[in-house]
file input-v6.json (JSON, C-alpha atoms)
[["chain", "number", "residue", "atom", "x", "y", "z"],
["A", 3, "MET", "CA", 19.80, 60.30, 132.59],
["A", 4, "SER", "CA", 21.50, 62.98, 130.73],
["A", 5, "GLU", "CA", 22.98, 64.19, 134.01],
["A", 6, "GLU", "CA", 24.37, 60.76, 134.68],
["A", 7, "GLN", "CA", 25.83, 60.66, 131.24],
["A", 8, "THR", "CA", 27.42, 64.06, 131.67],
["A", 9, "THR", "CA", 28.72, 63.20, 135.14],
["A", 10, "GLY", "CA", 29.99, 59.86, 133.87],
["A", 11, "ARG", "CA", 31.83, 61.41, 131.04],
["A", 12, "PRO", "CA", 34.04, 63.70, 133.08],
["A", 13, "GLU", "CA", 34.99, 60.73, 135.24],
["A", 14, "ASP", "CA", 35.83, 58.75, 132.17],
["A", 15, "GLU", "CA", 37.83, 61.66, 130.86],
["A", 16, "ALA", "CA", 39.69, 62.00, 134.20],
["A", 17, "ALA", "CA", 40.43, 58.25, 134.20],
["A", 18, "ALA", "CA", 41.64, 58.47, 130.61],
["A", 19, "GLN", "CA", 43.91, 61.38, 131.55],
["A", 20, "ASP", "CA", 45.26, 59.46, 134.55],
["A", 21, "ASN", "CA", 45.95, 56.47, 132.30],
["A", 22, "ALA", "CA", 47.73, 58.68, 129.77],
["A", 23, "GLN", "CA", 49.84, 60.27, 132.50],
["A", 24, "ALA", "CA", 50.71, 56.83, 133.93],
["A", 25, "GLU", "CA", 51.77, 55.63, 130.49],
["A", 26, "GLU", "CA", 53.96, 58.72, 130.01],
["A", 27, "GLN", "CA", 55.53, 58.14, 133.43],
["A", 28, "GLN", "CA", 56.17, 54.51, 132.56],
["A", 29, "GLU", "CA", 57.81, 55.49, 129.30],
["A", 30, "GLY", "CA", 59.95, 58.16, 131.03],
["A", 31, "GLY", "CA", 60.54, 55.88, 134.00],
["A", 32, "GLY", "CA", 61.47, 53.09, 131.63],
["A", 33, "ASP", "CA", 64.26, 55.21, 130.23],
["A", 34, "ASP", "CA", 65.45, 55.99, 133.75],
["A", 35, "ALA", "CA", 65.20, 52.34, 134.78],
["A", 36, "LEU", "CA", 67.08, 51.26, 131.66],
["A", 37, "ALA", "CA", 69.84, 53.80, 132.31],
["A", 38, "ALA", "CA", 70.06, 52.68, 135.93],
["A", 39, "ALA", "CA", 70.23, 49.01, 134.88],
["A", 40, "ARG", "CA", 72.98, 49.79, 132.36],
["A", 41, "ALA", "CA", 74.97, 51.70, 134.98],
["A", 42, "GLU", "CA", 74.60, 48.81, 137.41],
["A", 43, "ALA", "CA", 75.65, 46.31, 134.74],
["A", 44, "GLU", "CA", 78.73, 48.46, 133.93],
["A", 45, "GLN", "CA", 79.60, 48.57, 137.65],
["A", 46, "TYR", "CA", 79.33, 44.76, 137.89],
["A", 47, "LYS", "CA", 81.46, 44.41, 134.76],
["A", 48, "GLU", "CA", 84.19, 46.61, 136.30],
["A", 49, "GLU", "CA", 84.06, 44.60, 139.53],
["A", 50, "VAL", "CA", 84.43, 41.33, 137.59],
["A", 51, "LEU", "CA", 87.39, 42.74, 135.64],
["A", 52, "ARG", "CA", 89.05, 43.90, 138.86],
["A", 53, "ALA", "CA", 88.46, 40.53, 140.49],
["A", 54, "ARG", "CA", 89.94, 38.79, 137.42],
["A", 55, "ALA", "CA", 93.01, 41.04, 137.52],
["A", 56, "ASP", "CA", 93.45, 40.41, 141.25],
["A", 57, "LEU", "CA", 93.19, 36.68, 140.68],
["A", 58, "GLU", "CA", 95.76, 36.82, 137.86],
["A", 59, "ASN", "CA", 98.14, 38.86, 140.03],
["A", 60, "ALA", "CA", 97.77, 36.39, 142.90],
["A", 61, "ARG", "CA", 98.45, 33.48, 140.51],
["A", 62, "ARG", "CA", 101.61, 35.15, 139.17],
["A", 63, "ARG", "CA", 102.84, 35.99, 142.69],
["A", 64, "HIS", "CA", 102.23, 32.39, 143.75],
["A", 65, "GLU", "CA", 104.18, 31.10, 140.72],
["A", 66, "ARG", "CA", 107.12, 33.42, 141.55],
["A", 67, "GLU", "CA", 107.12, 32.23, 145.17],
["A", 68, "LEU", "CA", 107.03, 28.59, 144.08],
["A", 69, "GLU", "CA", 109.87, 29.15, 141.61],
["A", 70, "GLY", "CA", 111.91, 30.82, 144.35],
["A", 71, "ALA", "CA", 111.19, 27.98, 146.74],
["A", 72, "ARG", "CA", 112.25, 25.42, 144.13],
["A", 73, "ARG", "CA", 115.34, 27.36, 143.14],
["A", 74, "TYR", "CA", 116.63, 27.98, 146.64],
["A", 75, "ALA", "CA", 115.34, 24.88, 148.43],
["A", 76, "LEU", "CA", 118.90, 23.53, 148.58],
["A", 77, "GLU", "CA", 120.29, 26.60, 150.34],
["A", 78, "SER", "CA", 120.06, 25.33, 153.93],
["A", 79, "PHE", "CA", 121.30, 21.88, 152.87],
["A", 80, "LEU", "CA", 124.21, 23.49, 151.02],
["A", 81, "GLN", "CA", 125.17, 25.53, 154.10],
["A", 82, "GLU", "CA", 125.40, 22.28, 156.06],
["A", 83, "LEU", "CA", 127.37, 20.58, 153.28],
["A", 84, "LEU", "CA", 130.00, 23.31, 152.77],
["A", 85, "PRO", "CA", 132.08, 22.38, 155.85],
["A", 86, "VAL", "CA", 132.29, 18.81, 154.49],
["A", 87, "ILE", "CA", 133.60, 20.13, 151.17],
["A", 88, "ASP", "CA", 136.08, 22.35, 153.03],
["A", 89, "SER", "CA", 137.31, 19.35, 155.06],
["A", 90, "LEU", "CA", 137.81, 17.27, 151.91],
["A", 91, "GLU", "CA", 139.78, 20.10, 150.28],
["A", 92, "LEU", "CA", 141.94, 20.64, 153.39],
["A", 93, "GLY", "CA", 142.59, 16.89, 153.60],
["A", 94, "LEU", "CA", 143.67, 16.83, 149.97],
["A", 95, "ALA", "CA", 145.99, 19.80, 150.54],
["A", 96, "ALA", "CA", 147.61, 18.05, 153.51],
["A", 97, "VAL", "CA", 147.96, 14.71, 151.71],
["A", 98, "SER", "CA", 149.40, 16.24, 148.53],
["A", 99, "GLU", "CA", 152.58, 17.12, 150.44],
["A", 100, "THR", "CA", 153.44, 13.47, 151.17],
["A", 101, "GLU", "CA", 154.75, 10.94, 148.67],
["A", 102, "ASN", "CA", 153.67, 7.67, 150.28],
["A", 103, "ALA", "CA", 152.11, 5.16, 147.81],
["A", 104, "GLU", "CA", 149.24, 4.23, 150.15],
["A", 105, "VAL", "CA", 148.49, 7.87, 150.84],
["A", 106, "GLU", "CA", 148.55, 8.50, 147.06],
["A", 107, "LYS", "CA", 145.68, 6.01, 146.59],
["A", 108, "PHE", "CA", 143.75, 7.71, 149.38],
["A", 109, "ARG", "CA", 144.38, 11.11, 147.75],
["A", 110, "GLU", "CA", 143.14, 9.88, 144.37],
["A", 111, "GLY", "CA", 139.96, 8.47, 145.92],
["A", 112, "THR", "CA", 139.32, 11.66, 147.84],
["A", 113, "GLU", "CA", 139.90, 13.78, 144.71],
["A", 114, "LEU", "CA", 137.42, 11.66, 142.79],
["A", 115, "THR", "CA", 134.84, 11.92, 145.58],
["A", 116, "LEU", "CA", 135.28, 15.70, 145.77],
["A", 117, "LYS", "CA", 135.05, 16.01, 141.99],
["A", 118, "MET", "CA", 131.79, 14.02, 141.94],
["A", 119, "LEU", "CA", 130.36, 16.08, 144.79],
["A", 120, "LEU", "CA", 131.25, 19.40, 143.14],
["A", 121, "GLY", "CA", 129.86, 18.16, 139.80],
["A", 122, "LEU", "CA", 126.58, 17.25, 141.49],
["A", 123, "LEU", "CA", 126.37, 20.65, 143.17],
["A", 124, "GLU", "CA", 127.10, 22.38, 139.86],
["A", 125, "LYS", "CA", 124.23, 20.43, 138.29],
["A", 126, "TYR", "CA", 121.90, 22.06, 140.82],
["A", 127, "GLY", "CA", 123.18, 25.60, 140.26],
["A", 128, "VAL", "CA", 125.95, 25.81, 142.88],
["A", 129, "THR", "CA", 129.10, 27.62, 141.77],
["A", 130, "PRO", "CA", 132.28, 28.28, 143.78],
["A", 131, "ILE", "CA", 133.63, 31.79, 144.32],
["A", 132, "TYR", "CA", 137.43, 31.73, 144.02],
["A", 133, "PRO", "CA", 138.46, 35.33, 143.20],
["A", 134, "VAL", "CA", 142.29, 35.31, 143.22],
["A", 135, "GLY", "CA", 143.49, 38.24, 141.11],
["A", 136, "GLU", "CA", 140.03, 39.83, 140.87],
["A", 137, "LYS", "CA", 138.96, 43.18, 142.26],
["A", 138, "PHE", "CA", 137.52, 42.95, 145.77],
["A", 139, "ASN", "CA", 133.71, 42.83, 145.62],
["A", 140, "PRO", "CA", 131.98, 43.19, 149.03],
["A", 141, "GLU", "CA", 128.88, 41.43, 147.69],
["A", 142, "LEU", "CA", 130.87, 38.26, 146.94],
["A", 143, "HIS", "CA", 133.93, 38.53, 149.21],
["A", 144, "GLN", "CA", 134.62, 39.00, 152.89],
["A", 145, "ALA", "CA", 137.99, 40.65, 153.61],
["A", 146, "MET", "CA", 139.86, 38.87, 156.39],
["A", 147, "SER", "CA", 142.83, 41.24, 156.23],
["A", 148, "MET", "CA", 144.80, 43.54, 153.97],
["A", 149, "GLN", "CA", 148.36, 42.90, 152.94],
["A", 150, "GLU", "CA", 150.85, 45.43, 151.60],
["A", 151, "THR", "CA", 152.31, 44.45, 148.25],
["A", 152, "ALA", "CA", 153.79, 46.09, 145.19],
["A", 153, "ASP", "CA", 153.06, 43.00, 143.07],
["A", 154, "ALA", "CA", 149.31, 43.57, 142.83],
["A", 155, "GLU", "CA", 147.03, 46.52, 142.36],
["A", 156, "PRO", "CA", 145.46, 47.82, 145.60],
["A", 157, "GLY", "CA", 141.99, 46.37, 146.17],
["A", 158, "THR", "CA", 142.82, 43.11, 144.40],
["A", 159, "VAL", "CA", 142.30, 39.73, 146.04],
["A", 160, "LEU", "CA", 145.70, 38.18, 146.82],
["A", 161, "THR", "CA", 144.70, 35.00, 148.60],
["A", 162, "VAL", "CA", 141.50, 33.07, 149.18],
["A", 163, "VAL", "CA", 141.39, 31.77, 152.74],
["A", 164, "GLN", "CA", 138.07, 29.96, 152.22],
["A", 165, "LYS", "CA", 136.12, 29.55, 148.98],
["A", 166, "GLY", "CA", 132.70, 31.09, 148.75],
["A", 167, "TYR", "CA", 129.66, 29.58, 147.03],
["A", 168, "LYS", "CA", 126.64, 30.86, 145.14],
["A", 169, "LEU", "CA", 123.34, 29.08, 144.56],
["A", 170, "HIS", "CA", 122.15, 30.40, 141.19],
["A", 171, "ASP", "CA", 122.51, 34.15, 141.74],
["A", 172, "ARG", "CA", 122.34, 34.17, 145.56],
["A", 173, "VAL", "CA", 125.52, 34.14, 147.67],
["A", 174, "VAL", "CA", 125.33, 31.29, 150.17],
["A", 175, "ARG", "CA", 128.75, 32.00, 151.66],
["A", 176, "PRO", "CA", 131.10, 34.83, 150.64],
["A", 177, "ALA", "CA", 134.72, 33.99, 149.86],
["A", 178, "MET", "CA", 137.03, 34.89, 152.74],
["A", 179, "VAL", "CA", 139.97, 36.73, 151.21],
["A", 180, "ILE", "CA", 143.14, 38.72, 151.83],
["A", 181, "VAL", "CA", 143.14, 41.97, 149.87],
["A", 182, "ALA", "CA", 146.17, 43.84, 148.49],
["A", 183, "LYS", "CA", 146.95, 47.36, 149.61],
["A", 184, "ALA", "CA", 149.65, 49.77, 148.47],
["A", 185, "PRO", "CA", 152.93, 49.67, 150.41],
["A", 186, "GLN", "CA", 153.37, 52.57, 152.81],
["A", 187, "ASP", "CA", 156.59, 53.73, 151.19],
["A", 188, "GLN", "CA", 154.80, 54.47, 147.88],
["A", 189, "GLY", "CA", 153.64, 57.84, 149.12],
["A", 190, "LYS", "CA", 150.70, 59.45, 150.74],
["A", 191, "GLY", "CA", 148.19, 58.21, 148.14],
["A", 192, "GLY", "CA", 148.15, 54.79, 149.78],
["A", 193, "GLN", "CA", 147.74, 56.31, 153.20],
["A", 194, "LEU", "CA", 144.77, 58.35, 152.03],
["A", 195, "ASP", "CA", 143.11, 55.23, 150.64],
["A", 196, "GLU", "CA", 143.71, 53.45, 153.90],
["A", 197, "GLN", "CA", 142.12, 56.22, 155.93],
["A", 198, "ALA", "CA", 139.09, 56.36, 153.66]]
call {"tool": "encode", "arguments": {"input": "input-v6.json", "output": "structure tokens"}}
result
Amino acid sequence: MSEEQTTGRPEDEAAAQDNAQAEEQQEGGGDDALAAARAEAEQYKEEVLRARADLENARRRHERELEGARRYALESFLQELLPVIDSLELGLAAVSETENAEVEKFREGTELTLKMLLGLLEKYGVTPIYPVGEKFNPELHQAMSMQETADAEPGTVLTVVQKGYKLHDRVVRPAMVIVAKAPQDQGKGGQLDEQA
């Protein structure tokens, strides 16, 4: 019996040591598991923040695109309407030269119609480009020709052949213009500008 007790005791001691080692591993492993869980949670947090930022950026981009679509939705319609406005203006110019009473009534009606139409377009952000006397700007004007003159500074718009139009800040049609250039007899400075 004493042998059994002695043999049983070392087994109990070995089991107790195994249990103690297992507990130590669990405690050490618990720290490792906790650190791993925290790292994983931090990674998920960063992914959520990135996804939120991406979503916010997409929302802002969508709002900008919608605003642009709203702002410039009239552009194609305006391009179709501009020849009508040009025709009304040309008709008024032709009629203004006559002094017939019946034609005068027609002219007044046409002027009123044109004024209403231009007022409506202005309400929606359409502005005419009529640059007589201004410096030539290639972003707003299209030069049809150049004309020598001593009455205006070179590079200045002398005549507008056809009005241009802008929708908000976008040019729908540039103004077609005739631009002043220095007379040839003023010296070689004008010729140099012409060659440039």
call {"tool": "atom_distance", "arguments": {"input": "input-v6.json", "atom1": "atom CA of A:Tyr167", "atom2": "atom CA of A:Phe79"}}
result
12.8 Å
call {"tool": "atom_distance", "arguments": {"input": "input-v6.json", "atom1": "atom CA of A:Pro85", "atom2": "atom CA of A:Leu68"}}
result
28.4 Å
call {"tool": "residues_around", "arguments": {"input": "input-v6.json", "residues": "A:Pro140", "least_positions_apart": "3", "cutoff": "10 Å", "atoms": "only C-alpha atoms", "output": "number ranges by chain"}}
result
A: 137, 143-145, 176-177
call {"tool": "residues_around", "arguments": {"input": "input-v6.json", "residues": "A:Arg175", "least_positions_apart": "2", "cutoff": "12 Å", "atoms": "all atoms listed in the file", "output": "list in words"}}
result
Glu77, Ser78, Leu80, Gln81, Glu82, Leu83, Leu84, Pro85, Val128, Thr129, Pro130, Ile131, Tyr132, Pro140, Glu141, Leu142, His143, Gln144, Gln164, Lys165, Gly166, Tyr167, Lys168, Leu169, Asp171, Arg172, Val173, Ala177 and Met178 of chain A
call {"tool": "atom_distance", "arguments": {"input": "input-v6.json", "atom1": "atom CA of A:Asp88", "atom2": "atom CA of A:Leu119"}}
result
11.8 Å
